[in-house]
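**Q** Supplied structure: coords.txt, compact mmCIF, C-alpha atoms.
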# COMPACT_ATOMS: atom_id res chain seq x y z
CA MET H 1 -189.90 1.63 -63.42
CA THR H 2 -191.15 -1.23 -61.26
CA ARG H 3 -193.80 0.60 -59.22
CA LEU H 4 -196.80 1.76 -61.22
CA THR H 5 -200.31 3.13 -60.81
CA ILE H 6 -202.79 1.11 -62.85
CA ALA H 7 -206.42 2.19 -63.27
CA THR H 8 -209.58 1.08 -65.01
CA PHE H 9 -212.59 3.34 -65.52
CA ASN H 10 -215.91 2.95 -67.32
CA VAL H 11 -216.36 6.63 -68.22
CA LEU H 12 -220.00 6.43 -69.46
CA HIS H 13 -218.85 8.72 -72.34
CA GLY H 14 -218.10 11.42 -69.75
CA GLN H 15 -221.66 11.80 -68.50
CA PRO H 16 -222.26 12.54 -64.80
CA PRO H 17 -224.40 9.98 -62.93
CA SER H 18 -227.09 12.67 -62.58
CA GLY H 19 -227.70 12.46 -66.32
CA ALA H 20 -226.45 16.01 -66.95
CA ARG H 21 -224.69 16.85 -70.20
CA ALA H 22 -221.19 15.46 -70.69
CA GLU H 23 -218.52 18.17 -70.43
CA PRO H 24 -215.05 17.35 -71.84
CA ALA H 25 -213.23 19.53 -69.30
CA VAL H 26 -214.93 17.75 -66.40
CA LEU H 27 -213.95 14.33 -67.77
CA GLN H 28 -210.35 15.43 -68.34
CA SER H 29 -210.04 16.89 -64.83
CA ALA H 30 -211.61 13.82 -63.20
CA VAL H 31 -209.29 11.32 -64.89
CA ALA H 32 -206.20 13.50 -64.38
CA ALA H 33 -206.79 13.21 -60.62
CA LEU H 34 -206.13 9.45 -60.84
CA ASP H 35 -202.52 10.13 -61.93
CA ALA H 36 -202.38 6.67 -63.55
CA ASP H 37 -199.33 5.43 -65.43
CA ILE H 38 -201.57 3.06 -67.40
CA ILE H 39 -205.34 3.33 -67.66
CA GLY H 40 -207.99 1.18 -69.33
CA LEU H 41 -211.16 2.98 -70.40
CA GLN H 42 -214.59 1.67 -71.36
CA GLU H 43 -217.69 3.31 -72.91
CA LEU H 44 -215.41 5.80 -74.62
CA ASP H 45 -216.53 8.22 -77.34
CA ARG H 46 -214.69 9.58 -80.35
CA HIS H 47 -216.17 12.73 -81.92
CA GLN H 48 -219.70 12.09 -80.64
CA PRO H 49 -222.06 15.09 -80.38
CA ARG H 50 -223.41 13.75 -77.07
CA SER H 51 -219.96 14.12 -75.46
CA GLY H 52 -218.79 17.40 -76.99
CA ASP H 53 -217.41 16.16 -80.34
CA VAL H 54 -214.00 15.37 -78.82
CA ASP H 55 -211.64 12.42 -78.98
CA GLN H 56 -211.99 11.33 -75.37
CA LEU H 57 -208.93 9.06 -75.40
CA ALA H 58 -206.75 11.89 -76.68
CA LEU H 59 -208.22 14.19 -74.05
CA ILE H 60 -207.47 11.71 -71.26
CA GLY H 61 -204.04 10.81 -72.62
CA ASP H 62 -203.06 14.47 -72.68
CA ALA H 63 -204.32 14.95 -69.10
CA LEU H 64 -202.17 12.05 -67.88
CA GLU H 65 -199.21 12.84 -70.16
CA ALA H 66 -199.59 9.33 -71.55
CA PRO H 67 -198.43 9.42 -75.20
CA TYR H 68 -198.97 5.72 -75.97
CA ARG H 69 -202.64 5.17 -76.78
CA ARG H 70 -204.92 2.78 -78.61
CA PHE H 71 -208.62 3.27 -79.29
CA VAL H 72 -210.64 0.21 -80.33
CA PRO H 73 -214.07 1.03 -81.80
CA VAL H 74 -216.91 -1.41 -81.33
CA LEU H 75 -219.54 0.81 -82.96
CA HIS H 76 -219.18 3.32 -85.79
CA GLY H 77 -221.45 6.25 -86.44
CA VAL H 78 -223.20 8.96 -84.45
CA GLN H 79 -224.79 7.69 -81.24
CA GLU H 80 -227.55 9.33 -79.27
CA LEU H 81 -228.19 8.79 -75.59
CA PRO H 82 -231.22 10.66 -74.24
CA VAL H 83 -230.59 11.91 -70.71
CA GLN H 84 -233.71 10.20 -69.35
CA LEU H 85 -232.46 6.85 -70.69
CA HIS H 86 -228.85 7.07 -69.56
CA SER H 87 -227.00 3.84 -68.92
CA VAL H 88 -227.56 1.53 -66.00
CA ARG H 89 -225.43 -1.59 -66.48
CA SER H 90 -224.72 -0.58 -70.08
CA SER H 91 -228.45 -0.33 -70.88
CA ARG H 92 -228.03 2.41 -73.45
CA VAL H 93 -230.48 3.25 -76.20
CA ILE H 94 -228.64 3.87 -79.46
CA ARG H 95 -230.45 5.39 -82.41
CA PRO H 96 -228.90 5.07 -85.88
CA ALA H 97 -227.91 8.31 -87.53
CA GLU H 98 -225.71 9.24 -90.46
CA PRO H 99 -223.41 7.45 -90.91
CA ALA H 100 -225.42 4.46 -89.71
CA LEU H 101 -224.19 2.49 -86.69
CA GLN H 102 -222.24 -0.62 -87.58
CA PRO H 103 -220.23 -3.08 -85.52
CA ALA H 104 -216.49 -2.65 -85.80
CA GLY H 105 -214.72 -5.62 -87.34
CA GLY H 106 -211.20 -6.95 -86.85
CA GLU H 107 -208.12 -5.20 -85.57
CA ALA H 108 -208.22 -1.50 -86.43
CA THR H 109 -210.42 -2.34 -89.43
CA PRO H 110 -213.50 -0.26 -90.33
CA ALA H 111 -216.83 -2.05 -90.22
CA ARG H 112 -218.12 -3.74 -93.35
CA GLY H 113 -219.70 -1.09 -95.52
CA ALA H 114 -218.09 1.74 -93.59
CA SER H 115 -216.60 4.56 -95.57
CA PRO H 116 -212.79 5.08 -95.50
CA GLY H 117 -211.67 6.92 -92.40
CA LEU H 118 -214.88 6.19 -90.51
CA ALA H 119 -212.95 4.53 -87.66
CA ASP H 120 -211.19 7.86 -87.13
CA ALA H 121 -214.45 9.82 -87.17
CA TYR H 122 -217.59 8.94 -85.22
CA ALA H 123 -217.03 5.93 -82.98
CA TYR H 124 -217.60 4.37 -79.57
CA GLY H 125 -215.51 1.71 -77.85
CA ILE H 126 -212.65 1.12 -75.42
CA GLY H 127 -209.15 2.50 -75.05
CA LEU H 128 -205.84 2.14 -73.28
CA ALA H 129 -203.32 4.89 -72.49
CA SER H 130 -199.78 4.45 -71.13
CA ARG H 131 -196.96 6.69 -69.99
CA LEU H 132 -194.54 3.83 -70.60
CA PRO H 133 -193.50 2.80 -74.12
CA VAL H 134 -195.74 0.18 -75.74
CA VAL H 135 -193.85 -2.42 -77.79
CA SER H 136 -196.94 -3.87 -79.48
CA TRP H 137 -200.73 -3.67 -79.50
CA HIS H 138 -203.18 -6.57 -79.84
CA VAL H 139 -206.98 -6.54 -80.23
CA LEU H 140 -209.62 -9.23 -79.71
CA ASN H 141 -213.20 -8.58 -80.91
CA PHE H 142 -216.44 -10.29 -79.86
CA PRO H 143 -219.84 -10.13 -81.59
CA PRO H 144 -222.82 -9.05 -79.49
CA ALA H 145 -224.87 -11.67 -77.72
CA PRO H 146 -228.01 -12.41 -79.76
CA LEU H 147 -230.20 -11.67 -76.75
CA ARG H 148 -231.96 -8.74 -75.19
CA MET H 149 -231.73 -8.46 -71.43
CA PRO H 150 -234.49 -7.01 -69.24
CA LEU H 151 -232.81 -4.14 -67.40
CA ARG H 152 -234.09 -1.27 -65.29
CA VAL H 153 -233.62 2.10 -67.01
CA PRO H 154 -234.19 5.44 -65.23
CA GLY H 155 -237.14 7.33 -66.66
CA ARG H 156 -239.00 4.19 -67.72
CA PRO H 157 -241.32 2.09 -65.53
CA GLY H 158 -240.48 -1.56 -64.98
CA LEU H 159 -237.88 -3.33 -67.06
CA MET H 160 -236.74 -2.56 -70.61
CA ARG H 161 -235.34 -5.22 -72.93
CA VAL H 162 -231.94 -3.94 -74.03
CA PRO H 163 -229.78 -5.38 -76.85
CA ASP H 164 -226.14 -6.24 -76.27
CA GLU H 165 -223.36 -4.52 -78.21
CA PRO H 166 -220.12 -5.78 -79.76
CA ARG H 167 -217.33 -6.20 -77.20
CA ALA H 168 -213.54 -5.98 -77.36
CA ALA H 169 -210.26 -6.36 -75.49
CA VAL H 170 -207.08 -4.42 -76.22
CA ALA H 171 -203.66 -5.56 -74.98
CA ALA H 172 -200.48 -3.51 -74.67
CA VAL H 173 -197.07 -5.15 -74.30
CA VAL H 174 -195.28 -2.52 -72.23
CA ASP H 175 -191.54 -1.88 -72.03
CA GLY H 176 -190.91 -1.68 -68.29
CA LEU H 177 -187.43 -1.11 -66.86
CA SER H 178 -187.53 -4.52 -65.18
CA GLY H 179 -188.63 -6.18 -68.42
CA PRO H 180 -191.75 -6.34 -70.60
CA PHE H 181 -195.20 -6.94 -69.16
CA THR H 182 -198.75 -6.95 -70.53
CA VAL H 183 -201.85 -4.94 -69.69
CA ILE H 184 -205.19 -6.00 -71.19
CA ASN H 185 -208.29 -3.81 -71.02
CA ALA H 186 -211.74 -5.33 -71.70
CA HIS H 187 -215.42 -4.44 -71.59
CA LEU H 188 -217.51 -7.61 -71.48
CA SER H 189 -221.14 -8.41 -72.21
CA PHE H 190 -223.86 -7.92 -69.61
CA VAL H 191 -225.48 -11.17 -70.77
CA PRO H 192 -224.80 -13.93 -68.18
CA GLY H 193 -222.71 -16.74 -69.60
CA TRP H 194 -221.53 -14.69 -72.56
CA ASN H 195 -219.32 -12.54 -70.31
CA VAL H 196 -217.86 -15.67 -68.68
CA SER H 197 -217.06 -17.16 -72.09
CA GLN H 198 -215.44 -13.91 -73.22
CA LEU H 199 -213.33 -13.71 -70.07
CA ARG H 200 -212.10 -17.28 -70.48
CA ARG H 201 -211.16 -16.62 -74.09
CA ILE H 202 -209.27 -13.46 -73.12
CA SER H 203 -207.27 -15.31 -70.44
CA ARG H 204 -206.27 -17.97 -73.01
CA TRP H 205 -205.43 -15.26 -75.57
CA ALA H 206 -203.25 -13.48 -73.00
CA ALA H 207 -201.14 -16.58 -72.38
CA ARG H 208 -199.05 -15.84 -75.49
CA MET H 209 -198.06 -12.39 -74.18
CA PRO H 210 -195.24 -11.50 -71.77
CA ALA H 211 -195.82 -11.98 -68.04
CA PRO H 212 -196.63 -10.56 -65.62
CA ARG H 213 -200.04 -9.89 -67.13
CA LEU H 214 -202.65 -7.49 -65.80
CA LEU H 215 -206.27 -7.86 -66.94
CA ILE H 216 -208.39 -4.81 -66.20
CA GLY H 217 -211.81 -3.49 -67.15
CA ASP H 218 -215.56 -3.64 -66.71
CA PHE H 219 -216.38 -7.35 -66.85
CA ASN H 220 -220.05 -7.09 -65.86
CA LEU H 221 -219.26 -9.92 -63.44
CA PRO H 222 -219.61 -9.44 -59.67
CA GLY H 223 -217.20 -9.87 -56.79
CA GLY H 224 -214.76 -12.76 -56.95
CA LEU H 225 -216.27 -14.45 -60.00
CA PRO H 226 -213.56 -13.23 -62.45
CA ARG H 227 -210.89 -14.75 -60.17
CA THR H 228 -212.78 -18.04 -60.14
CA VAL H 229 -213.23 -18.06 -63.94
CA THR H 230 -209.62 -17.23 -64.83
CA GLY H 231 -207.58 -18.48 -61.89
CA TRP H 232 -205.82 -15.10 -61.89
CA ARG H 233 -205.12 -13.16 -58.70
CA GLN H 234 -207.60 -10.41 -57.85
CA LEU H 235 -205.68 -7.29 -56.80
CA VAL H 236 -208.63 -5.19 -55.61
CA ARG H 237 -211.85 -6.09 -53.80
CA ALA H 238 -214.08 -3.01 -53.70
CA ALA H 239 -217.59 -2.13 -54.79
CA THR H 240 -217.58 0.07 -57.91
CA TYR H 241 -221.23 0.34 -58.97
CA PRO H 242 -223.31 2.45 -58.84
CA SER H 243 -220.85 5.24 -58.13
CA TYR H 244 -223.22 7.25 -55.94
CA ARG H 245 -223.82 4.25 -53.65
CA PRO H 246 -221.48 1.39 -54.59
CA ARG H 247 -222.90 -2.02 -53.78
CA VAL H 248 -221.32 -4.41 -56.27
CA GLN H 249 -217.95 -4.79 -58.00
CA PHE H 250 -218.23 -5.01 -61.78
CA ASP H 251 -214.78 -3.46 -62.45
CA HIS H 252 -211.68 -5.53 -61.83
CA ILE H 253 -207.88 -5.67 -61.87
CA LEU H 254 -206.40 -9.20 -62.09
CA ALA H 255 -202.79 -10.36 -62.27
CA HIS H 256 -201.13 -13.50 -63.64
CA GLY H 257 -197.59 -14.75 -64.17
CA PRO H 258 -194.52 -16.10 -62.44
CA ARG H 259 -193.24 -12.69 -61.26
CA GLU H 260 -194.70 -11.41 -58.02
CA VAL H 261 -197.03 -8.41 -58.24
CA ARG H 262 -196.97 -6.57 -54.92
CA VAL H 263 -199.90 -4.26 -54.14
CA HIS H 264 -199.18 -1.02 -52.26
CA ARG H 265 -202.58 0.69 -52.65
CA ALA H 266 -205.94 -0.49 -53.94
CA GLU H 267 -209.16 1.51 -53.92
CA ALA H 268 -212.32 2.46 -55.74
CA VAL H 269 -212.46 6.19 -56.48
CA ARG H 270 -215.68 8.11 -57.04
CA LEU H 271 -215.30 10.80 -59.68
CA ALA H 272 -217.49 13.57 -61.08
CA VAL H 273 -218.41 11.53 -64.16
CA SER H 274 -219.87 8.06 -64.80
CA ASP H 275 -222.10 5.65 -62.90
CA HIS H 276 -218.97 3.57 -62.14
CA CYS H 277 -216.16 4.28 -59.71
CA ALA H 278 -212.65 4.11 -61.09
CA LEU H 279 -210.54 1.25 -59.74
CA VAL H 280 -206.93 2.14 -58.93
CA VAL H 281 -204.00 0.06 -57.72
CA ASP H 282 -200.33 0.81 -57.08
CA VAL H 283 -198.28 -2.26 -57.98
CA GLU H 284 -194.63 -3.24 -57.88
CA PHE H 285 -193.14 -6.06 -59.93
So that I can check it, write out the structure of this file as structure tokens.
**A**
Amino acid sequence: MTRLTIATFNVLHGQPPSGARAEPAVLQSAVAALDADIIGLQELDRHQPRSGDVDQLALIGDALEAPYRRFVPVLHGVQELPVQLHSVRSSRVIRPAEPALQPAGGEATPARGASPGLADAYAYGIGLASRLPVVSWHVLNFPPAPLRMPLRVPGRPGLMRVPDEPRAAVAAVVDGLSGPFTVINAHLSFVPGWNVSQLRRISRWAARMPAPRLLIGDFNLPGGLPRTVTGWRQLVRAATYPSYRPRVQFDHILAHGPREVRVHRAEAVRLAVSDHCALVVDVEF
């Protein structure tokens, strides 16, 4: 297979932009409509009460008939997200519960102090699902920025100082019929400067993986800045946020490598869930 549909989507744990309750069936139906061969997902829940106690990556993988999946937790434990404080630019309010929230550490390794099996229980993070066979998986973790950013949160007057969260990138080396290639999904910090540093480190990390390389995700960086930072080709230019009236592009699909990546379709797609549009591109190697 040389022609593929690649997508990235910050799912906001399946919550509609109106702040209504997350419904697993609505999330599954929305993502199935993208018909992506490979999809990168951010703000993804695993067995969280706020999103219906489901494994959202498994739900999405089943909808797309994508059996190759990798979930990377960045936080462990039950997370709460009051409707009136739902995310704007990742400005979530997380309240510790049992088991207490802890940053995830290392590649597929439970957080320090976490009980065995916690990574498979209550968690929040990013994921990647593929219809094509994945030869190997690779994970890069980042600690949270030690800063709180003043952000505007619906339901609260003025600005609210919001802490950053741990960040991660997950890479899949995919077995394509024309040879192996790499897809990397990332969710970067909203703290200026920290997201640029993370993106640069990811592009250097990716250099050891087979080309062509696709870097997708929510970078919290606007417009053409990711292209400038990495030197990679930007495959889609489209506003993705906020989904109900997109004005800025925070979600990106970049390409790098000696083999040509030809774009046949590129668009931002508004779905029934999330404050982000999904970004979709049909590519041919």
**Q** In Å, rounded to a single decimal, give me how far CA of Gln28 (chain H) is from CA of Arg245 (chain H).
**A**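 Between CA of Arg245 (chain H) and CA of Gln28 (chain H) the gap works out to 22.9 Å.
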**Q** Give me, please, the distance in Å between CA of Ala278 (chain H) and CA of Leu132 (chain H), quoted to one decimal.
**A**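 CA of Ala278 (chain H) sits 20.5 Å away from CA of Leu132 (chain H).
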**Q** Given all atoms listed in the file as the basis, pick out the residue of H:Arg265, H:Arg237, H:Arg213, H:Arg46 nearest to Ala172 (chain H).
**A**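 Nearest to Ala172 (chain H): H:Arg213.
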**Q** Pick out the residues sitting within 8 Å of Pro144 (chain H), and hand them over as a JSON list (two decimals) with C-alpha atoms, in the coordinates of the input; count only C-alpha atoms, and ignore anything fewer than 6 positions along from it in its own chain.
**A**
[["chain", "number", "residue", "atom", "x", "y", "z"],
["H", 164, "ASP", "CA", -226.14, -6.24, -76.27],
["H", 165, "GLU", "CA", -223.36, -4.52, -78.21],
["H", 166, "PRO", "CA", -220.12, -5.78, -79.76],
["H", 167, "ARG", "CA", -217.33, -6.20, -77.20],
["H", 189, "SER", "CA", -221.14, -8.41, -72.21]]
**Q** Quick check, in Å to one decimal: how far apart do CA of Ala121 (chain H) and CA of His47 (chain H) lie?
**A**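 About the pair CA of Ala121 (chain H) and CA of His47 (chain H): they are 6.2 Å apart.
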**Q** Ranking H:Ala123, H:Leu41, H:Val196, H:Ala169 by minimum distance to Asp55 (chain H) and counting only C-alpha atoms, which one comes first?
**A**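 Comparing H:Ala123, H:Leu41, H:Val196, H:Ala169 against Asp55 (chain H), the winner is H:Ala123.
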